[in-house]
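run_17.cif (mmCIF, C-alpha atoms) appears below.
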data_entry
#
loop_
_atom_site.label_atom_id
_atom_site.label_comp_id
_atom_site.auth_asym_id
_atom_site.auth_seq_id
_atom_site.Cartn_x
_atom_site.Cartn_y
_atom_site.Cartn_z
CA MET A 564 90.39 182.20 67.33
CA ILE A 565 90.70 183.71 63.81
CA ASP A 566 90.04 181.03 61.19
CA GLU A 567 90.80 182.95 57.96
CA PRO A 568 94.52 182.69 57.05
CA LEU A 569 95.01 186.26 55.79
CA GLU A 570 93.15 187.80 58.74
CA ARG A 571 95.28 185.64 61.01
CA LEU A 572 98.37 187.09 59.35
CA ARG A 573 97.08 190.68 59.56
CA ALA A 574 96.41 190.26 63.28
CA ALA A 575 99.85 188.76 63.89
CA ALA A 576 101.56 191.57 61.96
CA ARG A 577 99.70 194.13 64.07
CA ARG A 578 100.80 192.39 67.26
CA THR A 579 104.39 192.34 66.02
CA ARG A 580 104.35 196.07 65.27
CA GLU A 581 102.81 196.81 68.67
CA LEU A 582 105.39 194.66 70.44
CA ALA A 583 108.28 196.42 68.69
CA LEU A 584 106.75 199.91 68.75
CA ASN A 585 108.95 201.38 71.47
CA ARG A 586 111.97 199.18 70.88
CA ALA A 587 115.23 200.74 69.76
CA ALA A 588 116.80 199.51 66.53
CA THR A 589 119.55 196.96 67.09
CA GLY A 590 121.06 196.72 63.61
CA LEU A 591 120.14 193.02 63.48
CA SER A 592 118.66 191.74 60.21
CA HIS A 593 116.77 188.52 59.59
CA GLU A 594 120.13 186.87 58.82
CA ASP A 595 121.23 187.66 62.39
CA ALA A 596 118.21 186.03 64.01
CA ASP A 597 118.70 183.90 67.11
CA ASP A 598 118.09 180.19 66.41
CA ASP A 599 115.69 179.99 69.33
CA VAL A 600 113.94 183.37 69.41
CA GLY A 601 113.73 183.98 65.67
CA THR A 602 113.33 187.24 63.78
CA ILE A 603 110.90 188.74 66.28
CA GLY A 604 114.08 189.84 68.06
CA THR A 605 115.53 191.64 65.02
CA ASP A 606 114.86 194.99 63.38
CA GLY A 607 112.58 193.19 60.95
CA ALA A 608 109.89 193.34 63.62
CA LEU A 609 109.94 197.15 63.52
CA GLY A 610 107.00 198.14 61.31
CA PHE A 611 106.54 194.55 60.11
CA ASP A 612 103.90 194.36 57.38
CA PRO A 613 104.22 191.69 54.66
CA PHE A 614 101.13 192.83 52.76
CA PRO A 615 102.66 195.50 50.48
CA LEU A 616 105.04 192.93 49.00
CA LEU A 617 102.41 190.19 48.92
CA GLY A 618 100.12 192.61 47.09
CA ALA A 619 102.86 193.50 44.60
CA LEU A 620 103.48 189.83 43.86
CA HIS A 621 99.76 189.33 43.25
CA ASP A 622 99.48 192.44 41.05
CA ASN A 623 102.39 191.27 38.90
CA GLY A 624 101.01 187.76 38.48
CA VAL A 625 103.82 186.10 40.43
CA ARG A 626 103.09 182.72 41.99
CA ALA A 627 105.50 182.95 44.91
CA VAL A 628 104.71 180.63 47.82
CA VAL A 629 105.02 181.88 51.39
CA ILE A 630 107.14 179.61 53.59
CA GLY A 631 108.68 180.05 57.05
CA GLN A 632 106.85 181.47 60.03
CA VAL A 633 104.48 183.67 58.02
CA ALA A 634 103.13 180.43 56.55
CA GLY A 635 103.09 178.98 60.06
CA ILE A 636 100.95 181.88 61.26
CA MET A 637 98.56 181.36 58.35
CA HIS A 638 98.18 177.78 59.56
CA GLY A 639 97.45 178.93 63.12
CA SER A 640 100.85 179.22 64.82
CA THR A 641 100.85 181.69 67.70
CA GLU A 642 104.55 182.61 67.43
CA LEU A 643 105.24 186.01 65.90
CA THR A 644 107.86 186.74 63.26
CA GLY A 645 109.69 189.66 61.73
CA ASP A 646 110.47 188.30 58.27
CA LEU A 647 108.81 186.99 55.13
CA ASP A 648 110.32 184.01 53.29
CA LEU A 649 109.26 183.08 49.77
CA LEU A 650 109.69 180.16 47.40
CA TRP A 651 109.13 180.34 43.65
CA ASP A 652 109.72 177.90 40.81
CA GLY A 653 112.99 179.41 39.50
CA VAL A 654 111.81 179.30 35.88
CA PRO A 655 113.71 182.06 33.99
CA ALA A 656 110.60 183.11 32.06
CA HIS A 657 108.89 183.96 35.36
CA ALA A 658 111.78 186.03 36.73
CA PRO A 659 110.90 189.37 35.03
CA ALA A 660 107.53 189.53 36.80
CA LEU A 661 109.23 188.72 40.10
CA ALA A 662 111.78 191.49 39.57
CA ALA A 663 109.00 193.93 38.66
CA ALA A 664 107.10 193.10 41.86
CA PHE A 665 110.12 193.70 44.08
CA ALA A 666 111.08 196.87 42.22
CA SER A 667 107.55 198.26 42.59
CA VAL A 668 107.87 198.31 46.40
CA GLY A 669 111.40 199.73 46.45
CA ALA A 670 113.07 196.52 47.65
CA ARG A 671 116.82 195.98 47.91
CA LEU A 672 118.52 192.66 47.16
CA ALA A 673 121.68 190.96 48.41
CA ASP A 674 123.35 187.64 47.68
CA GLU A 675 123.95 184.98 50.33
CA ALA A 676 127.13 186.76 51.43
CA GLY A 677 125.20 189.99 51.97
CA ARG A 678 126.62 191.76 48.89
CA PRO A 679 124.11 194.05 47.13
CA VAL A 680 122.77 192.84 43.79
CA ALA A 681 120.60 194.66 41.28
CA ILE A 682 116.88 194.03 41.03
CA ARG A 683 116.85 192.32 37.67
CA PRO A 684 115.49 188.94 36.58
CA ASP A 685 118.76 187.00 36.69
CA SER A 686 119.39 188.05 40.30
CA PHE A 687 116.47 185.88 41.38
CA LEU A 688 117.77 182.74 39.65
CA ARG A 689 120.30 181.94 42.39
CA PRO A 690 119.12 179.39 45.01
CA LYS A 691 118.47 182.18 47.52
CA VAL A 692 118.48 185.96 47.39
CA GLN A 693 118.01 188.14 50.46
CA PHE A 694 115.67 191.11 50.24
CA THR A 695 114.73 194.13 52.27
CA ALA A 696 111.49 195.90 51.41
CA PRO A 697 109.35 198.46 53.23
CA GLY A 698 107.47 196.40 55.80
CA ALA A 699 109.29 193.11 55.37
CA GLY A 700 112.64 191.53 54.62
CA GLY A 701 113.56 187.89 54.18
CA ASP A 702 114.72 185.29 51.69
CA CYS A 703 113.40 184.53 48.21
CA CYS A 704 114.34 180.96 47.28
CA THR A 705 114.10 178.59 44.32
CA PRO A 706 113.85 174.76 44.41
CA GLU A 707 117.65 174.70 44.05
CA LEU A 708 117.95 175.57 47.74
CA PRO A 709 117.97 172.18 49.51
CA TRP A 710 115.79 171.11 52.41
CA GLY A 711 117.32 167.78 53.34
CA ASP A 712 116.30 165.04 50.91
CA HIS A 713 112.91 166.60 50.14
CA ARG A 714 111.89 167.51 46.59
CA VAL A 715 111.16 171.21 46.97
CA GLN A 716 109.19 171.38 43.70
CA ASP A 717 106.58 169.20 45.38
CA PHE A 718 106.11 171.87 48.06
CA LEU A 719 105.24 174.34 45.32
CA ASP A 720 102.84 171.93 43.65
CA ARG A 721 100.98 171.28 46.91
CA ALA A 722 100.77 174.92 48.02
CA ILE A 723 97.47 176.37 49.26
CA THR A 724 95.90 179.63 48.10
CA ALA A 725 94.26 182.07 50.52
CA LEU A 726 91.85 184.58 48.98
CA GLY A 727 91.15 187.89 50.71
CA PRO A 728 87.90 189.87 50.43
CA ASP A 729 89.74 192.43 48.27
CA GLY A 730 90.74 189.74 45.76
CA LEU A 731 94.31 189.36 47.06
CA GLU A 732 95.63 185.84 46.51
CA VAL A 733 98.45 184.61 48.71
CA HIS A 734 99.96 181.17 48.13
CA TYR A 735 101.45 179.39 51.12
CA VAL A 736 103.07 176.04 51.77
CA SER A 737 100.90 173.25 53.20
CA ARG A 738 101.07 172.53 56.90
CA GLU A 739 102.52 169.06 56.27
CA ASP A 740 105.23 170.38 53.97
CA LEU A 741 106.07 173.21 56.35
CA ILE A 742 106.60 170.62 59.08
CA LEU A 743 108.99 168.75 56.76
CA MET A 744 110.89 171.96 56.05
CA ARG A 745 111.09 172.80 59.75
CA ARG A 746 112.43 169.39 60.72
CA ALA A 747 114.98 169.46 57.88
CA LEU A 748 116.37 172.79 59.14
CA GLY A 749 116.47 171.44 62.69
CA ARG A 750 117.14 174.65 64.64
CA PRO A 751 115.49 174.92 68.07
CA LYS A 752 112.85 177.35 66.77
CA ASP A 753 112.13 175.09 63.78
CA LEU A 754 111.66 171.96 65.87
CA ARG A 755 109.45 173.83 68.36
CA ARG A 756 107.33 175.28 65.58
CA ALA A 757 107.12 171.92 63.80
CA ASP A 758 105.70 170.39 66.98
CA GLU A 759 103.21 173.24 67.26
CA LEU A 760 102.08 172.73 63.66
CA ALA A 761 101.74 168.99 64.21
CA ALA A 762 99.48 169.69 67.18
CA LEU A 763 97.28 171.82 64.91
CA ALA A 764 96.40 168.83 62.74
CA PRO A 765 92.64 168.35 62.14
CA GLY A 766 91.05 166.69 65.13
CA ARG A 767 93.88 167.76 67.48
CA ARG A 768 92.79 171.34 68.19
CA SER A 769 92.16 172.10 71.87
#

Serialized structure, structure tokens:
Amino acid sequence: MIDEPLERLRAAARRTRELALNRAATGLSHEDADDDVGTIGTDGALGFDPFPLLGALHDNGVRAVVIGQVAGIMHGSTELTGDLDLLWDGVPAHAPALAAAFASVGARLADEAGRPVAIRPDSFLRPKVQFTAPGAGGDCCTPELPWGDHRVQDFLDRAITALGPDGLEVHYVSREDLILMRRALGRPKDLRRADELAALAPGRRS
């Protein structure tokens, strides 16, 4: 078992690319994902590699927190994914660095209705913006996007930082908070993954 979170993610991304290597494109984006299978069944799995965008966020000094199944993988989940979801604090003064990071990797943005929006700071201030970047697409959210009755700012405050040997820092939501987010969403894949994460609690590993 791989114990280092970023190496765990690298290995999972490789497995995802291998799994999708000979698969024909379907035209399905992360927004079209099945509520049980998840984005591994979409075109996001084709060439999936979250590290270029994660590296761009780090290089631009952006403290964006990884949520969703990429965070689950960093905590030890065995389920693969084809998207990268992010949470940041929504502070306007931090938006220019976020826009610079996304622009540096040639990302494209869309609003919640799928309409294209420009990569500029104010585009990121909405509760959720969809993005497509080389290697990974997903959602970039602020605390204004609700997860049940939970205070999303607390998830940011409790986030964990993984440090790679090359100096890359990746912030990701805590296992406990990810379980809360999963149960608040309540889709079959979320409940299944929440149970898996709960079973990975210290002292419960097989």

For this session: Taking the point (112.3, 192.1, 65.3) as given in the file, collect each protein or nucleic acid residue that comes within 12 Å of it, counting only C-alpha atoms, and present the set as a count of residues only.
Result: 43

For this session: Please provide as a PyMOL selection string all residues within 6 Å of stretch 671-680 of chain A, with the sequence filter that same-chain residues fewer than 3 positions apart are discarded (counting only C-alpha atoms).
Result: chain A and resi 692-695

Problem set entry | Residue members of the PyMOL selection byres ((chain A and resi 624-633) around 9) in the file shown, as a PyMOL selection string | chain A and resi 572+613+617+619-623+634-638+640+642-652+657-658+660-661+664+703+718-719+722-724+733-737+741+744-745+756

Residues as selected, C-alpha atoms, written as a short mmCIF file (atom, residue, chain, number, x, y, z; two decimals), keeping the file's coordinate frame, can you do that?
data_model
loop_
_atom_site.label_atom_id
_atom_site.label_comp_id
_atom_site.auth_asym_id
_atom_site.auth_seq_id
_atom_site.Cartn_x
_atom_site.Cartn_y
_atom_site.Cartn_z
CA LEU A 572 98.37 187.09 59.35
CA PRO A 613 104.22 191.69 54.66
CA LEU A 617 102.41 190.19 48.92
CA ALA A 619 102.86 193.50 44.60
CA LEU A 620 103.48 189.83 43.86
CA HIS A 621 99.76 189.33 43.25
CA ASP A 622 99.48 192.44 41.05
CA ASN A 623 102.39 191.27 38.90
CA ALA A 634 103.13 180.43 56.55
CA GLY A 635 103.09 178.98 60.06
CA ILE A 636 100.95 181.88 61.26
CA MET A 637 98.56 181.36 58.35
CA HIS A 638 98.18 177.78 59.56
CA SER A 640 100.85 179.22 64.82
CA GLU A 642 104.55 182.61 67.43
CA LEU A 643 105.24 186.01 65.90
CA THR A 644 107.86 186.74 63.26
CA GLY A 645 109.69 189.66 61.73
CA ASP A 646 110.47 188.30 58.27
CA LEU A 647 108.81 186.99 55.13
CA ASP A 648 110.32 184.01 53.29
CA LEU A 649 109.26 183.08 49.77
CA LEU A 650 109.69 180.16 47.40
CA TRP A 651 109.13 180.34 43.65
CA ASP A 652 109.72 177.90 40.81
CA HIS A 657 108.89 183.96 35.36
CA ALA A 658 111.78 186.03 36.73
CA ALA A 660 107.53 189.53 36.80
CA LEU A 661 109.23 188.72 40.10
CA ALA A 664 107.10 193.10 41.86
CA CYS A 703 113.40 184.53 48.21
CA PHE A 718 106.11 171.87 48.06
CA LEU A 719 105.24 174.34 45.32
CA ALA A 722 100.77 174.92 48.02
CA ILE A 723 97.47 176.37 49.26
CA THR A 724 95.90 179.63 48.10
CA VAL A 733 98.45 184.61 48.71
CA HIS A 734 99.96 181.17 48.13
CA TYR A 735 101.45 179.39 51.12
CA VAL A 736 103.07 176.04 51.77
CA SER A 737 100.90 173.25 53.20
CA LEU A 741 106.07 173.21 56.35
CA MET A 744 110.89 171.96 56.05
CA ARG A 745 111.09 172.80 59.75
CA ARG A 756 107.33 175.28 65.58
#

Exercise. At what distance in Å, to one decimal, does atom CA of A:Phe665 lie from atom CA of A:Lys691?
Worked result: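 Computing the Euclidean distance for atom CA of A:Lys691 and atom CA of A:Phe665 yields 14.6 Å.
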
Exercise. What would the list of residues within 8 Å of (115.1, 181.9, 33.4) (file frame) look like as a list in words, if all atoms listed in the file are what count?
Worked result: Gly653, Val654, Pro655, Ala656, His657, Ala658, Pro684, Asp685 and Leu688 of chain A

Exercise. Expressed in Å to a single decimal, how great is the separation between atom CA of A:Thr641 and atom CA of A:Asp599?
Worked result: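 For atom CA of A:Thr641 relative to atom CA of A:Asp599, the distance reads 15.0 Å.
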
For this session: Have a look at A:Ala666, A:Ala575, A:Leu754, A:Leu763 and name the one nearest to A:Pro697; count all atoms listed in the file.
Result: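 Using all atoms listed in the file, A:Pro697 sits closest to A:Ala666.
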
Problem set entry | Using all atoms listed in the file: which of A:Arg683, A:Arg714, A:Arg738, A:Ser667 has the shortest distance to A:Gly618 |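 Among A:Arg683, A:Arg714, A:Arg738, A:Ser667, it is A:Ser667 that comes nearest to A:Gly618.
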
Problem set entry | Between atom CA of A:Val715 and atom CA of A:Gly727, distance in Å (one decimal) |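 Atom-to-atom, atom CA of A:Val715 to atom CA of A:Gly727, that is 26.3 Å.
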
For this session: Rank nothing, just name the residue among A:Leu726, A:Ala681, A:Leu760, A:Leu748 nearest to A:Glu570, using only C-alpha atoms.
Result: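 Among the listed residues, A:Leu726 lies closest to A:Glu570.
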
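Nearest residue to A:Ala663 among A:Leu743, A:Ala761, A:Cys704, A:Leu616 is A:Leu616, counting all atoms listed in the file.
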
Box centre and edge lengths (Å, one decimal), axis-aligned, stretch 630-633 of chain A plus 8 Å each side, as AutoDock Vina command-line options:
--center_x 106.6 --center_y 181.6 --center_z 56.8 --size_x 20.2 --size_y 20.1 --size_z 22.4

Write a file for stretch 616-658 of chain A of the given structure; include N, CA and C atoms and format it as an mmCIF file, in the first residue's frame.
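This went into selection.cif:
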data_model
loop_
_atom_site.group_PDB
_atom_site.id
_atom_site.type_symbol
_atom_site.label_atom_id
_atom_site.label_comp_id
_atom_site.auth_asym_id
_atom_site.auth_seq_id
_atom_site.Cartn_x
_atom_site.Cartn_y
_atom_site.Cartn_z
ATOM 1 N N LEU A 616 -2.288 21.209 -13.298
ATOM 2 C CA LEU A 616 -3.066 22.271 -12.674
ATOM 3 C C LEU A 616 -2.676 22.444 -11.213
ATOM 4 N N LEU A 617 -2.469 21.342 -10.501
ATOM 5 C CA LEU A 617 -2.043 21.453 -9.100
ATOM 6 C C LEU A 617 -0.707 22.183 -9.006
ATOM 7 N N GLY A 618 0.185 21.903 -9.953
ATOM 8 C CA GLY A 618 1.465 22.603 -9.971
ATOM 9 C C GLY A 618 1.303 24.083 -10.265
ATOM 10 N N ALA A 619 0.389 24.425 -11.171
ATOM 11 C CA ALA A 619 0.151 25.832 -11.503
ATOM 12 C C ALA A 619 -0.426 26.590 -10.311
ATOM 13 N N LEU A 620 -1.323 25.945 -9.583
ATOM 14 C CA LEU A 620 -1.870 26.579 -8.377
ATOM 15 C C LEU A 620 -0.764 26.845 -7.373
ATOM 16 N N HIS A 621 0.104 25.867 -7.172
ATOM 17 C CA HIS A 621 1.232 26.038 -6.246
ATOM 18 C C HIS A 621 2.156 27.167 -6.712
ATOM 19 N N ASP A 622 2.509 27.171 -7.998
ATOM 20 C CA ASP A 622 3.440 28.165 -8.523
ATOM 21 C C ASP A 622 2.897 29.574 -8.413
ATOM 22 N N ASN A 623 1.571 29.719 -8.446
ATOM 23 C CA ASN A 623 0.956 31.044 -8.350
ATOM 24 C C ASN A 623 0.548 31.414 -6.926
ATOM 25 N N GLY A 624 0.916 30.586 -5.976
ATOM 26 C CA GLY A 624 0.642 30.894 -4.577
ATOM 27 C C GLY A 624 -0.820 30.797 -4.191
ATOM 28 N N VAL A 625 -1.572 29.956 -4.890
ATOM 29 C CA VAL A 625 -3.004 29.807 -4.629
ATOM 30 C C VAL A 625 -3.224 28.699 -3.599
ATOM 31 N N ARG A 626 -3.968 29.010 -2.547
ATOM 32 C CA ARG A 626 -4.315 27.968 -1.571
ATOM 33 C C ARG A 626 -5.703 27.434 -1.917
ATOM 34 N N ALA A 627 -5.757 26.605 -2.934
ATOM 35 C CA ALA A 627 -6.994 25.912 -3.298
ATOM 36 C C ALA A 627 -6.941 24.527 -2.683
ATOM 37 N N VAL A 628 -8.041 24.089 -2.107
ATOM 38 C CA VAL A 628 -8.104 22.814 -1.392
ATOM 39 C C VAL A 628 -8.780 21.773 -2.276
ATOM 40 N N VAL A 629 -8.124 20.644 -2.454
ATOM 41 C CA VAL A 629 -8.684 19.552 -3.239
ATOM 42 C C VAL A 629 -9.804 18.885 -2.450
ATOM 43 N N ILE A 630 -10.942 18.697 -3.110
ATOM 44 C CA ILE A 630 -12.073 17.998 -2.498
ATOM 45 C C ILE A 630 -12.455 16.845 -3.432
ATOM 46 N N GLY A 631 -13.601 16.232 -3.235
ATOM 47 C CA GLY A 631 -14.055 15.176 -4.132
ATOM 48 C C GLY A 631 -13.182 13.933 -4.077
ATOM 49 N N GLN A 632 -13.231 13.138 -5.149
ATOM 50 C CA GLN A 632 -12.578 11.841 -5.117
ATOM 51 C C GLN A 632 -11.066 11.913 -5.212
ATOM 52 N N VAL A 633 -10.512 12.993 -5.767
ATOM 53 C CA VAL A 633 -9.054 13.135 -5.721
ATOM 54 C C VAL A 633 -8.599 13.221 -4.268
ATOM 55 N N ALA A 634 -9.325 13.979 -3.450
ATOM 56 C CA ALA A 634 -9.006 14.008 -2.023
ATOM 57 C C ALA A 634 -9.213 12.629 -1.405
ATOM 58 N N GLY A 635 -10.285 11.939 -1.821
ATOM 59 C CA GLY A 635 -10.516 10.591 -1.307
ATOM 60 C C GLY A 635 -9.348 9.674 -1.601
ATOM 61 N N ILE A 636 -8.813 9.739 -2.814
ATOM 62 C CA ILE A 636 -7.656 8.927 -3.184
ATOM 63 C C ILE A 636 -6.456 9.279 -2.317
ATOM 64 N N MET A 637 -6.254 10.555 -2.059
ATOM 65 C CA MET A 637 -5.128 10.964 -1.212
ATOM 66 C C MET A 637 -5.266 10.419 0.202
ATOM 67 N N HIS A 638 -6.507 10.164 0.618
ATOM 68 C CA HIS A 638 -6.744 9.562 1.932
ATOM 69 C C HIS A 638 -6.715 8.035 1.894
ATOM 70 N N GLY A 639 -6.581 7.440 0.720
ATOM 71 C CA GLY A 639 -6.477 5.991 0.620
ATOM 72 C C GLY A 639 -7.609 5.292 -0.083
ATOM 73 N N SER A 640 -8.581 6.026 -0.643
ATOM 74 C CA SER A 640 -9.667 5.394 -1.376
ATOM 75 C C SER A 640 -9.117 4.667 -2.594
ATOM 76 N N THR A 641 -9.709 3.536 -2.909
ATOM 77 C CA THR A 641 -9.258 2.745 -4.057
ATOM 78 C C THR A 641 -10.061 3.032 -5.321
ATOM 79 N N GLU A 642 -11.133 3.825 -5.223
ATOM 80 C CA GLU A 642 -11.934 4.137 -6.407
ATOM 81 C C GLU A 642 -11.243 5.210 -7.249
ATOM 82 N N LEU A 643 -11.220 4.997 -8.556
ATOM 83 C CA LEU A 643 -10.595 5.940 -9.465
ATOM 84 C C LEU A 643 -11.573 7.054 -9.847
ATOM 85 N N THR A 644 -11.027 8.133 -10.388
ATOM 86 C CA THR A 644 -11.850 9.269 -10.779
ATOM 87 C C THR A 644 -11.306 9.878 -12.047
ATOM 88 N N GLY A 645 -12.125 10.688 -12.698
ATOM 89 C CA GLY A 645 -11.696 11.384 -13.900
ATOM 90 C C GLY A 645 -11.864 12.882 -13.799
ATOM 91 N N ASP A 646 -11.994 13.410 -12.571
ATOM 92 C CA ASP A 646 -12.117 14.860 -12.435
ATOM 93 C C ASP A 646 -11.404 15.349 -11.187
ATOM 94 N N LEU A 647 -11.197 16.639 -11.135
ATOM 95 C CA LEU A 647 -10.516 17.309 -10.031
ATOM 96 C C LEU A 647 -11.414 18.428 -9.546
ATOM 97 N N ASP A 648 -11.862 18.360 -8.293
ATOM 98 C CA ASP A 648 -12.712 19.399 -7.715
ATOM 99 C C ASP A 648 -11.922 20.184 -6.680
ATOM 100 N N LEU A 649 -12.133 21.496 -6.677
ATOM 101 C CA LEU A 649 -11.353 22.403 -5.834
ATOM 102 C C LEU A 649 -12.259 23.331 -5.048
ATOM 103 N N LEU A 650 -11.770 23.730 -3.882
ATOM 104 C CA LEU A 650 -12.465 24.685 -3.017
ATOM 105 C C LEU A 650 -11.460 25.754 -2.607
ATOM 106 N N TRP A 651 -11.841 27.005 -2.775
ATOM 107 C CA TRP A 651 -10.973 28.098 -2.308
ATOM 108 C C TRP A 651 -11.807 29.082 -1.521
ATOM 109 N N ASP A 652 -11.171 30.076 -0.897
ATOM 110 C CA ASP A 652 -11.883 30.888 0.089
ATOM 111 C C ASP A 652 -12.818 31.936 -0.507
ATOM 112 N N GLY A 653 -12.758 32.205 -1.807
ATOM 113 C CA GLY A 653 -13.665 33.174 -2.421
ATOM 114 C C GLY A 653 -13.342 34.619 -2.110
ATOM 115 N N VAL A 654 -12.195 34.896 -1.514
ATOM 116 C CA VAL A 654 -11.799 36.269 -1.205
ATOM 117 C C VAL A 654 -11.376 36.968 -2.498
ATOM 118 N N PRO A 655 -12.008 38.091 -2.866
ATOM 119 C CA PRO A 655 -11.695 38.738 -4.153
ATOM 120 C C PRO A 655 -10.211 39.036 -4.356
ATOM 121 N N ALA A 656 -9.509 39.370 -3.297
ATOM 122 C CA ALA A 656 -8.084 39.698 -3.436
ATOM 123 C C ALA A 656 -7.255 38.493 -3.861
ATOM 124 N N HIS A 657 -7.778 37.288 -3.638
ATOM 125 C CA HIS A 657 -7.051 36.072 -4.018
ATOM 126 C C HIS A 657 -7.405 35.594 -5.420
ATOM 127 N N ALA A 658 -8.432 36.178 -6.022
ATOM 128 C CA ALA A 658 -8.918 35.708 -7.322
ATOM 129 C C ALA A 658 -7.931 35.922 -8.471
#
